$ cat target_33.txt   # compact mmCIF, C-alpha atoms
# COMPACT_ATOMS: atom_id res chain seq x y z
CA MET F 1 14.94 18.14 34.82
CA LYS F 2 15.61 15.50 32.14
CA GLU F 3 11.94 14.48 32.03
CA ARG F 4 10.99 18.12 31.59
CA ILE F 5 13.42 18.45 28.66
CA ILE F 6 11.94 15.34 27.02
CA LYS F 7 8.40 16.70 27.34
CA ILE F 8 9.43 20.08 25.92
CA VAL F 9 11.20 18.44 22.94
CA ILE F 10 8.29 16.11 22.14
CA PHE F 11 5.79 18.96 22.50
CA ALA F 12 7.85 21.22 20.22
CA VAL F 13 8.19 18.48 17.58
CA ALA F 14 4.46 17.76 17.71
CA ILE F 15 3.63 21.45 17.19
CA LEU F 16 6.09 21.73 14.29
CA VAL F 17 4.67 18.64 12.58
CA CYS F 18 1.12 19.97 13.01
CA ILE F 19 2.13 23.32 11.51
CA LEU F 20 3.71 21.59 8.51
CA ALA F 21 0.66 19.37 8.03
CA ILE F 22 -1.74 22.32 8.21
CA THR F 23 0.41 24.34 5.81
CA PHE F 24 0.45 21.55 3.25
CA SER F 25 -3.25 20.69 3.63
CA PHE F 26 -4.74 24.17 3.55
CA PHE F 27 -2.28 26.30 1.59
CA LEU F 28 -0.29 24.02 -0.73
CA PHE F 29 -2.85 21.39 -1.72
CA ASP F 30 -6.18 21.89 -3.52
CA ASP F 31 -8.48 19.21 -2.11
CA SER F 32 -11.00 19.71 -4.93
CA LYS F 33 -8.40 18.31 -7.36
CA LYS F 34 -7.29 15.44 -5.13
CA GLU F 35 -8.34 12.76 -7.64
CA ASN F 36 -6.45 14.48 -10.47
CA TYR F 37 -3.42 14.81 -8.23
CA ILE F 38 -3.40 11.08 -7.45
CA GLN F 39 -3.90 10.21 -11.11
CA THR F 40 -0.97 12.39 -12.16
CA GLN F 41 1.32 10.72 -9.64
CA GLU F 42 0.26 7.26 -10.88
CA ILE F 43 0.99 8.23 -14.47
CA LYS F 44 4.34 9.78 -13.62
CA SER F 45 5.42 6.69 -11.66
CA GLN F 46 5.24 4.61 -14.86
CA THR F 47 5.42 7.00 -17.81
CA PRO F 48 6.81 10.41 -16.77
CA LYS F 49 7.18 11.26 -20.47
CA MET F 50 3.40 11.29 -20.83
CA VAL F 51 3.05 13.96 -18.13
CA ALA F 52 5.93 15.94 -19.65
CA ASP F 53 4.39 15.73 -23.14
CA PHE F 54 1.04 17.11 -21.99
CA GLU F 55 2.76 19.77 -19.87
CA THR F 56 4.43 21.13 -23.02
CA ALA F 57 1.56 20.42 -25.42
CA THR F 58 0.33 23.02 -27.87
CA VAL F 59 -2.99 23.33 -29.65
CA GLU F 60 -1.25 22.18 -32.86
CA ASN F 61 0.37 18.96 -31.54
CA LEU F 62 -2.39 18.02 -29.07
CA PRO F 63 -4.28 15.75 -31.55
CA VAL F 64 -1.06 13.80 -32.29
CA LEU F 65 -0.38 13.28 -28.57
CA ILE F 66 -3.94 12.12 -27.94
CA GLU F 67 -3.80 9.59 -30.80
CA GLN F 68 -0.37 8.34 -29.68
CA TYR F 69 -1.39 7.70 -26.09
CA GLN F 70 -4.81 6.30 -27.00
CA LYS F 71 -2.99 3.67 -29.07
CA ASP F 72 -0.67 2.99 -26.15
CA MET F 73 -3.65 2.50 -23.81
CA GLN F 74 -5.27 0.09 -26.27
CA ASP F 75 -2.11 -2.04 -26.31
CA ARG F 76 -1.86 -1.94 -22.52
CA ASN F 77 -5.51 -2.95 -22.20
CA VAL F 78 -4.84 -6.03 -24.30
CA ASN F 79 -1.90 -6.97 -22.06
CA LEU F 80 -3.99 -6.27 -18.96
CA LYS F 81 -6.64 -8.72 -20.10
CA SER F 82 -4.03 -11.47 -20.37
CA VAL F 83 -2.79 -10.65 -16.84
CA GLN F 84 -6.38 -10.70 -15.58
CA LEU F 85 -6.94 -14.09 -17.21
CA GLU F 86 -3.82 -15.50 -15.51
CA LYS F 87 -4.97 -14.00 -12.20
CA ASP F 88 -8.44 -15.55 -12.50
CA ILE F 89 -6.98 -18.94 -13.42
CA LEU F 90 -4.69 -18.89 -10.39
CA TYR F 91 -7.55 -17.80 -8.14
CA THR F 92 -9.66 -20.76 -9.31
CA TYR F 93 -6.70 -23.10 -8.85
CA LEU F 94 -6.10 -21.80 -5.32
CA GLN F 95 -9.75 -22.38 -4.43
CA ASP F 96 -9.39 -25.96 -5.69
CA LEU F 97 -6.37 -26.54 -3.47
CA LYS F 98 -7.77 -24.79 -0.38
CA ASN F 99 -10.99 -26.79 -0.52
CA LEU F 100 -9.12 -30.11 -0.39
CA ASP F 101 -8.94 -32.21 2.77
CA GLU F 102 -7.35 -35.55 3.61
CA ASN F 103 -10.28 -37.41 2.14
CA SER F 104 -10.60 -35.52 -1.15
CA PHE F 105 -6.88 -35.02 -1.85
CA GLU F 106 -6.19 -38.43 -3.40
CA SER F 107 -9.27 -38.18 -5.64
CA TYR F 108 -8.24 -34.71 -6.87
CA GLN F 109 -4.68 -35.96 -7.41
CA ALA F 110 -5.93 -38.85 -9.53
CA LYS F 111 -8.07 -36.56 -11.71
CA PHE F 112 -5.55 -33.69 -11.82
CA SER F 113 -4.30 -34.38 -15.35
CA THR F 114 -7.83 -33.94 -16.70
CA ARG F 115 -8.57 -30.96 -14.44
CA SER F 116 -5.32 -29.22 -15.38
CA GLU F 117 -6.07 -29.51 -19.10
CA SER F 118 -9.25 -27.45 -18.75
CA LEU F 119 -8.03 -25.16 -15.96
CA PHE F 120 -4.71 -24.15 -17.52
CA ALA F 121 -5.81 -24.31 -21.17
CA LYS F 122 -5.21 -20.55 -21.63
CA SER F 123 -2.43 -20.13 -19.08
CA ASP F 124 1.13 -19.24 -20.04
CA ASN F 125 2.44 -21.13 -16.99
CA LYS F 126 0.57 -24.38 -17.35
CA GLN F 127 3.60 -26.66 -17.12
CA LYS F 128 4.95 -24.84 -14.07
CA TYR F 129 1.82 -25.52 -12.01
CA VAL F 130 1.32 -29.03 -13.34
CA ASP F 131 4.89 -29.95 -12.40
CA GLY F 132 4.50 -28.20 -9.06
CA PHE F 133 1.41 -30.15 -8.08
CA ASN F 134 2.88 -33.44 -9.29
CA LYS F 135 5.69 -32.95 -6.75
CA VAL F 136 3.14 -32.89 -3.91
CA LYS F 137 3.17 -36.48 -2.69
CA SER F 138 0.78 -36.21 0.26
CA PHE F 139 -1.82 -33.94 1.82
CA LYS F 140 0.74 -32.83 4.43
CA ASP F 141 2.93 -31.41 1.67
CA LEU F 142 0.01 -29.51 0.14
CA GLU F 143 0.16 -26.56 2.55
CA GLY F 144 3.68 -25.60 1.48
CA TYR F 145 2.70 -25.77 -2.18
CA ILE F 146 -0.39 -23.61 -1.56
CA GLU F 147 1.88 -20.94 -0.08
CA VAL F 148 4.00 -20.96 -3.25
CA VAL F 149 0.94 -20.62 -5.50
CA ASN F 150 -0.53 -17.95 -3.22
CA LYS F 151 2.66 -15.86 -3.51
CA ASP F 152 2.43 -16.09 -7.30
CA TYR F 153 -1.23 -15.08 -7.16
CA THR F 154 -0.48 -12.13 -4.85
CA THR F 155 2.23 -10.86 -7.19
CA ILE F 156 0.03 -11.17 -10.28
CA LYS F 157 -2.90 -9.55 -8.50
CA GLN F 158 -0.77 -6.60 -7.36
CA ASN F 159 0.64 -6.14 -10.87
CA TYR F 160 -2.88 -6.29 -12.28
CA LEU F 161 -4.25 -3.69 -9.85
CA THR F 162 -1.27 -1.40 -10.41
CA GLU F 163 -1.64 -1.55 -14.19
CA ARG F 164 -5.43 -1.18 -14.02
CA ASN F 165 -5.15 1.94 -11.86
CA TYR F 166 -2.50 3.35 -14.18
CA ILE F 167 -4.64 2.81 -17.29
CA LYS F 168 -7.63 4.39 -15.54
CA SER F 169 -5.56 7.44 -14.57
CA ALA F 170 -3.95 7.75 -18.01
CA ASN F 171 -7.33 7.52 -19.75
CA ALA F 172 -8.68 10.27 -17.47
CA LEU F 173 -5.86 12.59 -18.58
CA ILE F 174 -6.25 11.63 -22.24
CA ASN F 175 -10.02 12.17 -22.09
CA ARG F 176 -9.48 15.61 -20.58
CA ALA F 177 -7.09 16.47 -23.38
CA GLU F 178 -9.55 15.13 -25.97
CA MET F 179 -12.36 17.29 -24.56
CA ILE F 180 -10.09 20.31 -24.89
CA ASN F 181 -9.18 19.32 -28.44
CA THR F 182 -12.82 19.02 -29.53
CA THR F 183 -13.71 22.50 -28.22
CA ALA F 184 -15.02 24.62 -31.06
CA SER F 185 -13.82 27.95 -29.72
CA GLU F 186 -10.09 28.49 -30.28
CA SER F 187 -9.80 30.93 -27.37
CA LYS F 188 -11.50 28.51 -24.97
CA LYS F 189 -9.36 25.67 -26.29
CA ASN F 190 -6.20 27.65 -25.55
CA ALA F 191 -7.48 28.67 -22.10
CA ASP F 192 -8.48 25.10 -21.14
CA LEU F 193 -5.15 23.72 -22.38
CA GLN F 194 -3.24 26.26 -20.28
CA THR F 195 -5.36 25.32 -17.25
CA MET F 196 -4.58 21.64 -17.75
CA LYS F 197 -0.86 22.34 -18.13
CA SER F 198 -0.87 24.53 -15.01
CA ASP F 199 -2.64 21.79 -13.06
CA LEU F 200 -0.08 19.19 -14.11
CA LYS F 201 2.80 21.44 -13.07
CA SER F 202 1.15 22.27 -9.74
CA PHE F 203 0.57 18.55 -9.11
CA GLU F 204 4.27 17.91 -9.64
CA ARG F 205 5.20 20.72 -7.27
CA GLY F 206 2.69 19.34 -4.77
CA ALA F 207 4.30 15.91 -4.99
CA SER F 208 7.74 17.40 -4.35
CA LEU F 209 6.42 19.32 -1.35
CA GLN F 210 4.69 16.20 -0.07
CA ASN F 211 7.93 14.22 -0.30
CA LEU F 212 9.74 17.03 1.51
CA PHE F 213 7.05 17.07 4.19
CA ILE F 214 7.33 13.29 4.66
CA VAL F 215 11.13 13.52 4.98
CA LEU F 216 10.80 16.31 7.56
CA VAL F 217 8.26 14.31 9.55
CA TYR F 218 10.55 11.28 9.56
CA VAL F 219 13.57 13.38 10.59
CA LEU F 220 11.69 15.15 13.36
CA GLY F 221 9.96 11.98 14.53
CA LEU F 222 13.18 9.95 14.60
CA GLY F 223 14.97 12.81 16.33
CA ALA F 224 12.33 13.00 19.03
CA ALA F 225 12.32 9.21 19.41
CA PHE F 226 16.12 9.18 19.70
CA LEU F 227 16.11 11.81 22.46
CA MET F 228 13.27 10.07 24.26
CA PHE F 229 14.98 6.68 24.24
CA PHE F 230 18.35 8.24 25.06
CA PHE F 231 17.03 9.81 28.25
CA LEU F 232 14.95 6.72 28.97
CA PHE F 233 17.91 4.34 28.83
CA ALA F 234 20.06 6.82 30.73
CA LYS F 235 17.50 6.73 33.54
CA ILE F 236 17.33 2.93 33.43
CA ILE F 237 21.11 2.59 33.69
CA THR F 238 21.43 5.06 36.56
CA ASN F 239 18.47 3.61 38.47
CA PHE F 240 18.10 0.04 37.26
CA LYS F 241 16.25 -1.44 40.25
CA SER F 242 13.28 0.90 39.96
CA SER F 243 13.15 0.74 36.17
CA TYR F 244 12.46 -2.94 35.52
CA LYS F 245 8.80 -2.18 34.78
CA ILE F 246 9.88 0.01 31.86
CA LEU F 247 11.98 -2.83 30.45
CA VAL F 248 9.05 -5.23 30.75
CA GLY F 249 6.80 -2.72 28.96
CA LEU F 250 9.32 -2.29 26.13
CA LEU F 251 9.66 -6.05 25.80
CA LEU F 252 5.87 -6.42 25.54
CA LEU F 253 5.80 -3.76 22.80
CA VAL F 254 8.48 -5.62 20.84
CA VAL F 255 6.54 -8.89 21.20
CA ALA F 256 3.29 -7.20 20.10
CA ALA F 257 5.00 -5.68 17.06
CA PHE F 258 6.52 -9.05 16.13
CA ILE F 259 3.16 -10.80 16.39
CA GLY F 260 1.54 -8.05 14.31
CA TYR F 261 4.18 -8.48 11.61
CA VAL F 262 3.84 -12.27 11.54
CA VAL F 263 0.03 -12.34 11.31
CA GLY F 264 -0.17 -9.29 9.01
CA THR F 265 -0.98 -9.81 5.35
CA SER F 266 1.40 -8.85 2.55
CA THR F 267 -1.45 -8.46 0.04
CA LEU F 268 -1.55 -4.77 -0.77
CA SER F 269 -4.77 -2.79 -0.64
CA PRO F 270 -5.54 -0.34 -3.49
CA SER F 271 -4.43 2.60 -1.33
CA ALA F 272 -1.18 0.83 -0.46
CA ILE F 273 -0.51 0.19 -4.14
CA LYS F 274 -1.11 3.87 -4.88
CA ALA F 275 1.40 4.74 -2.15
CA GLY F 276 3.95 2.45 -3.80
CA MET F 277 4.33 0.22 -0.76
CA THR F 278 5.97 -3.20 -0.86
CA GLY F 279 4.60 -6.37 0.73
CA SER F 280 7.10 -6.21 3.60
CA GLY F 281 6.39 -2.50 4.12
CA TYR F 282 2.67 -3.25 4.30
CA LYS F 283 3.34 -5.93 6.90
CA MET F 284 5.24 -3.31 8.93
CA VAL F 285 2.18 -1.07 8.81
CA ASN F 286 0.08 -4.00 10.02
CA ALA F 287 2.52 -4.53 12.86
CA ALA F 288 2.29 -0.86 13.86
CA VAL F 289 -1.53 -0.90 13.78
CA PHE F 290 -1.63 -4.16 15.77
CA THR F 291 0.76 -2.71 18.37
CA PHE F 292 -1.36 0.44 18.61
CA TYR F 293 -4.50 -1.59 19.29
CA ILE F 294 -2.69 -3.68 21.89
CA CYS F 295 -1.54 -0.49 23.65
CA LEU F 296 -4.99 1.07 23.40
CA PHE F 297 -6.87 -1.93 24.78
CA GLY F 298 -4.14 -2.48 27.36
CA ALA F 299 -4.55 1.10 28.57
CA ILE F 300 -8.35 0.75 28.71
CA PHE F 301 -8.04 -2.53 30.60
CA SER F 302 -5.57 -0.96 33.05
CA ILE F 303 -7.92 1.96 33.72
CA ILE F 304 -10.89 -0.35 34.32
CA ALA F 305 -8.80 -2.69 36.49
CA THR F 306 -7.52 0.26 38.56
CA ILE F 307 -11.05 1.59 39.08
CA VAL F 308 -12.32 -1.83 40.15
CA MET F 309 -9.37 -2.46 42.49
CA ASN F 310 -9.75 0.98 44.08
CA ALA F 311 -13.48 0.40 44.53
CA VAL F 312 -12.80 -2.96 46.21
CA LYS F 313 -10.18 -1.45 48.50
CA ASN F 314 -12.42 1.46 49.51
CA ARG F 315 -15.29 -0.92 50.23
CA ASN F 316 -13.08 -3.02 52.51

$ encode --input "target_33.txt" --output "structure tokens"
Amino acid sequence: MKERIIKIVIFAVAILVCILAITFSFFLFDDSKKENYIQTQEIKSQTPKMVADFETATVENLPVLIEQYQKDMQDRNVNLKSVQLEKDILYTYLQDLKNLDENSFESYQAKFSTRSESLFAKSDNKQKYVDGFNKVKSFKDLEGYIEVVNKDYTTIKQNYLTERNYIKSANALINRAEMINTTASESKKNADLQTMKSDLKSFERGASLQNLFIVLVYVLGLGAAFLMFFFLFAKIITNFKSSYKILVGLLLLVVAAFIGYVVGTSTLSPSAIKAGMTGSGYKMVNAAVFTFYICLFGAIFSIIATIVMNAVKNRN
């Protein structure tokens, strides 16, 4: 009876989640404007005032807004170039360090003062990395230092990608506004401006609905998982001797998830950056994907092994 209840609950939750997903995808979200939707969310995550300004823009103040935000983008582009330069310098430095071995380390160490002068000539953190390398006394200590530099590089790279995507999205909105502003026909200008403002407001509503959908999925998923594990552990406690295989399976899942987290990278992909994920959150996703593959290949192996064993037994 308990197993039947679990199946009914999981089935009901799955149907509800599917209904919510279909409702959002087909009725509440315009796929043709997906790129504009993503761009609006990127802008709002950093400068919500920009979205609000264009939402309330009029034909009269539109030129002022365009000029204001074009100037802002120019300043941000200048800052982005300095971040890119620091990123490229660190990347080159990391390649230097990773290409070293026990034989070449001492030679690089001896020439480091000269190399650092050219490498970090335009870096704002020259002294930091010079002092850091000078503390590395042997090749064995180099690995730990590489990890420190790699963390710095990962952070700078993520900041660079985030800012680059933001500038790209902001420029797309500004260019759309500029095209509207340069329209000769006043009636078309008013109509296009209203369309843009309506799109921005609908994108914000879509984001709110998406967040609500995600919260509902988490609540329903966690609720189903709680009930499933509650009945599972209740069965294990009441019939422990016949349930040891379940415990072994759960232990293997925990081990697989741990391995996936350890070997997973914390370097965010562009899509992960857009989703606002952190390095640790991205590693959790890696762990989940790794665990899924382990379960998938384990199931395939079990099926093949069962078929082979049955064939052997039938032949005997």

$ residues_around --input "target_33.txt" --residues "Asp141 in chain F" --least-positions-apart "5" --cutoff "12 Å" --atoms "only C-alpha atoms" --output "MDAnalysis selection string"
chainID F and resid 97 101:102 105 132:136 146:148

$ closest_residue --input "target_33.txt" --among "F:Ser45, F:Ser113, F:Thr155, F:Ser118" --to "Val130 in chain F" --atoms "all atoms listed in the file"
F:Ser113

$ axis_aligned_box --input "target_33.txt" --around "range 108-114 of chain F" --padding-each-side "5 Å" --output "lines of an AutoDock Vina configuration file"
center_x = -6.3
center_y = -36.3
center_z = -11.8
size_x = 13.9
size_y = 15.2
size_z = 19.8

$ atom_distance --input "target_33.txt" --atom1 "CA of Tyr160 in chain F" --atom2 "CA of Val83 in chain F"
6.3 Å

$ residues_around --input "target_33.txt" --residues "range 286-292 of chain F" --least-positions-apart "2" --cutoff "7 Å" --atoms "only C-alpha atoms" --output "PyMOL selection string"
chain F and resi 253+256-258+260-261+264+282-284+294-296

$ closest_residue --input "target_33.txt" --among "F:Leu80, F:Met179, F:Val59, F:Val285" --to "Asn159 in chain F" --atoms "all atoms listed in the file"
F:Leu80

$ atom_distance --input "target_33.txt" --atom1 "CA of Asp75 in chain F" --atom2 "CA of Lys201 in chain F"
27.4 Å

$ atom_distance --input "target_33.txt" --atom1 "CA of Asn36 in chain F" --atom2 "CA of Arg164 in chain F"
16.1 Å

$ closest_residue --input "target_33.txt" --among "F:Asp152, F:Glu186, F:Asp192, F:Glu35" --to "Glu86 in chain F" --atoms "only C-alpha atoms"
F:Asp152

$ closest_residue --input "target_33.txt" --among "F:Thr306, F:Asn239, F:Asn171, F:Asn125" --to "Asn77 in chain F" --atoms "all atoms listed in the file"
F:Asn171

$ residues_around --input "target_33.txt" --residues "Asp199 in chain F" --least-positions-apart "2" --cutoff "10 Å" --atoms "all atoms listed in the file" --output "ChimeraX atom specification"
/F:33,36-37,40,55,193-197,201-205

$ closest_residue --input "target_33.txt" --among "F:Leu250, F:Leu173, F:Lys128, F:Lys81" --to "Phe229 in chain F" --atoms "all atoms listed in the file"
F:Leu250

$ closest_residue --input "target_33.txt" --among "F:Ser187, F:Thr92, F:Asn61, F:Ser82" --to "Leu119 in chain F" --atoms "all atoms listed in the file"
F:Thr92

$ decode --input "target_33.txt" --residues "range 103-114 of chain F" --atoms "all heavy atoms" --output "mmCIF file, in the first residue's frame"
data_model
loop_
_atom_site.group_PDB
_atom_site.id
_atom_site.type_symbol
_atom_site.label_atom_id
_atom_site.label_comp_id
_atom_site.auth_asym_id
_atom_site.auth_seq_id
_atom_site.Cartn_x
_atom_site.Cartn_y
_atom_site.Cartn_z
ATOM 1 N N ASN F 103 63.048 20.128 -14.692
ATOM 2 C CA ASN F 103 64.288 20.537 -15.354
ATOM 3 C C ASN F 103 64.290 22.022 -15.732
ATOM 4 O O ASN F 103 65.339 22.675 -15.696
ATOM 5 C CB ASN F 103 64.514 19.694 -16.626
ATOM 6 C CG ASN F 103 64.695 18.219 -16.316
ATOM 7 O OD1 ASN F 103 65.320 17.858 -15.308
ATOM 8 N ND2 ASN F 103 64.148 17.351 -17.159
ATOM 9 N N SER F 104 63.136 22.538 -16.109
ATOM 10 C CA SER F 104 63.071 23.926 -16.580
ATOM 11 C C SER F 104 62.728 24.923 -15.470
ATOM 12 O O SER F 104 62.847 26.129 -15.677
ATOM 13 C CB SER F 104 62.033 24.049 -17.701
ATOM 14 O OG SER F 104 60.756 23.641 -17.244
ATOM 15 N N PHE F 105 62.321 24.429 -14.290
ATOM 16 C CA PHE F 105 61.885 25.332 -13.233
ATOM 17 C C PHE F 105 62.997 26.261 -12.767
ATOM 18 O O PHE F 105 62.802 27.474 -12.656
ATOM 19 C CB PHE F 105 61.354 24.530 -12.035
ATOM 20 C CG PHE F 105 61.020 25.388 -10.848
ATOM 21 C CD1 PHE F 105 59.891 26.191 -10.837
ATOM 22 C CD2 PHE F 105 61.860 25.418 -9.730
ATOM 23 C CE1 PHE F 105 59.582 26.992 -9.746
ATOM 24 C CE2 PHE F 105 61.576 26.213 -8.636
ATOM 25 C CZ PHE F 105 60.424 27.002 -8.649
ATOM 26 N N GLU F 106 64.165 25.722 -12.495
ATOM 27 C CA GLU F 106 65.268 26.543 -11.968
ATOM 28 C C GLU F 106 65.693 27.607 -12.973
ATOM 29 O O GLU F 106 66.000 28.742 -12.604
ATOM 30 C CB GLU F 106 66.447 25.654 -11.581
ATOM 31 C CG GLU F 106 66.183 24.788 -10.356
ATOM 32 C CD GLU F 106 67.425 24.020 -9.921
ATOM 33 O OE1 GLU F 106 68.492 24.235 -10.544
ATOM 34 O OE2 GLU F 106 67.326 23.231 -8.968
ATOM 35 N N SER F 107 65.690 27.245 -14.266
ATOM 36 C CA SER F 107 66.065 28.211 -15.301
ATOM 37 C C SER F 107 65.045 29.350 -15.371
ATOM 38 O O SER F 107 65.419 30.528 -15.477
ATOM 39 C CB SER F 107 66.155 27.501 -16.655
ATOM 40 O OG SER F 107 66.390 28.422 -17.690
ATOM 41 N N TYR F 108 63.757 29.007 -15.288
ATOM 42 C CA TYR F 108 62.705 30.031 -15.326
ATOM 43 C C TYR F 108 62.799 30.914 -14.089
ATOM 44 O O TYR F 108 62.617 32.140 -14.163
ATOM 45 C CB TYR F 108 61.330 29.349 -15.392
ATOM 46 C CG TYR F 108 60.176 30.322 -15.528
ATOM 47 C CD1 TYR F 108 59.801 30.808 -16.776
ATOM 48 C CD2 TYR F 108 59.473 30.750 -14.405
ATOM 49 C CE1 TYR F 108 58.742 31.700 -16.905
ATOM 50 C CE2 TYR F 108 58.408 31.645 -14.528
ATOM 51 C CZ TYR F 108 58.059 32.111 -15.773
ATOM 52 O OH TYR F 108 57.007 32.991 -15.902
ATOM 53 N N GLN F 109 63.098 30.295 -12.949
ATOM 54 C CA GLN F 109 63.218 31.029 -11.691
ATOM 55 C C GLN F 109 64.359 32.047 -11.763
ATOM 56 O O GLN F 109 64.224 33.183 -11.287
ATOM 57 C CB GLN F 109 63.444 30.043 -10.545
ATOM 58 C CG GLN F 109 63.308 30.641 -9.163
ATOM 59 C CD GLN F 109 63.492 29.585 -8.084
ATOM 60 O OE1 GLN F 109 64.312 28.677 -8.215
ATOM 61 N NE2 GLN F 109 62.706 29.696 -7.020
ATOM 62 N N ALA F 110 65.449 31.640 -12.386
ATOM 63 C CA ALA F 110 66.611 32.518 -12.485
ATOM 64 C C ALA F 110 66.343 33.713 -13.405
ATOM 65 O O ALA F 110 66.856 34.820 -13.185
ATOM 66 C CB ALA F 110 67.807 31.728 -13.002
ATOM 67 N N LYS F 111 65.520 33.483 -14.433
ATOM 68 C CA LYS F 111 65.231 34.552 -15.402
ATOM 69 C C LYS F 111 63.909 35.264 -15.113
ATOM 70 O O LYS F 111 63.468 36.099 -15.914
ATOM 71 C CB LYS F 111 65.183 33.965 -16.816
ATOM 72 C CG LYS F 111 66.481 33.313 -17.261
ATOM 73 C CD LYS F 111 66.310 32.650 -18.622
ATOM 74 C CE LYS F 111 67.596 31.950 -19.059
ATOM 75 N NZ LYS F 111 67.428 31.253 -20.369
ATOM 76 N N PHE F 112 63.280 34.961 -13.970
ATOM 77 C CA PHE F 112 61.935 35.468 -13.704
ATOM 78 C C PHE F 112 61.889 36.991 -13.577
ATOM 79 O O PHE F 112 60.916 37.627 -13.991
ATOM 80 C CB PHE F 112 61.367 34.837 -12.435
ATOM 81 C CG PHE F 112 59.970 35.289 -12.122
ATOM 82 C CD1 PHE F 112 58.898 34.893 -12.922
ATOM 83 C CD2 PHE F 112 59.711 36.128 -11.039
ATOM 84 C CE1 PHE F 112 57.610 35.321 -12.654
ATOM 85 C CE2 PHE F 112 58.418 36.552 -10.757
ATOM 86 C CZ PHE F 112 57.370 36.143 -11.565
ATOM 87 N N SER F 113 62.912 37.580 -13.006
ATOM 88 C CA SER F 113 62.900 39.041 -12.836
ATOM 89 C C SER F 113 62.809 39.746 -14.188
ATOM 90 O O SER F 113 62.061 40.732 -14.346
ATOM 91 C CB SER F 113 64.143 39.504 -12.081
ATOM 92 O OG SER F 113 65.314 39.107 -12.784
ATOM 93 N N THR F 114 63.522 39.225 -15.179
ATOM 94 C CA THR F 114 63.469 39.801 -16.520
ATOM 95 C C THR F 114 62.128 39.511 -17.184
ATOM 96 O O THR F 114 61.515 40.388 -17.805
ATOM 97 C CB THR F 114 64.605 39.235 -17.391
ATOM 98 O OG1 THR F 114 65.858 39.476 -16.754
ATOM 99 C CG2 THR F 114 64.595 39.859 -18.778
#
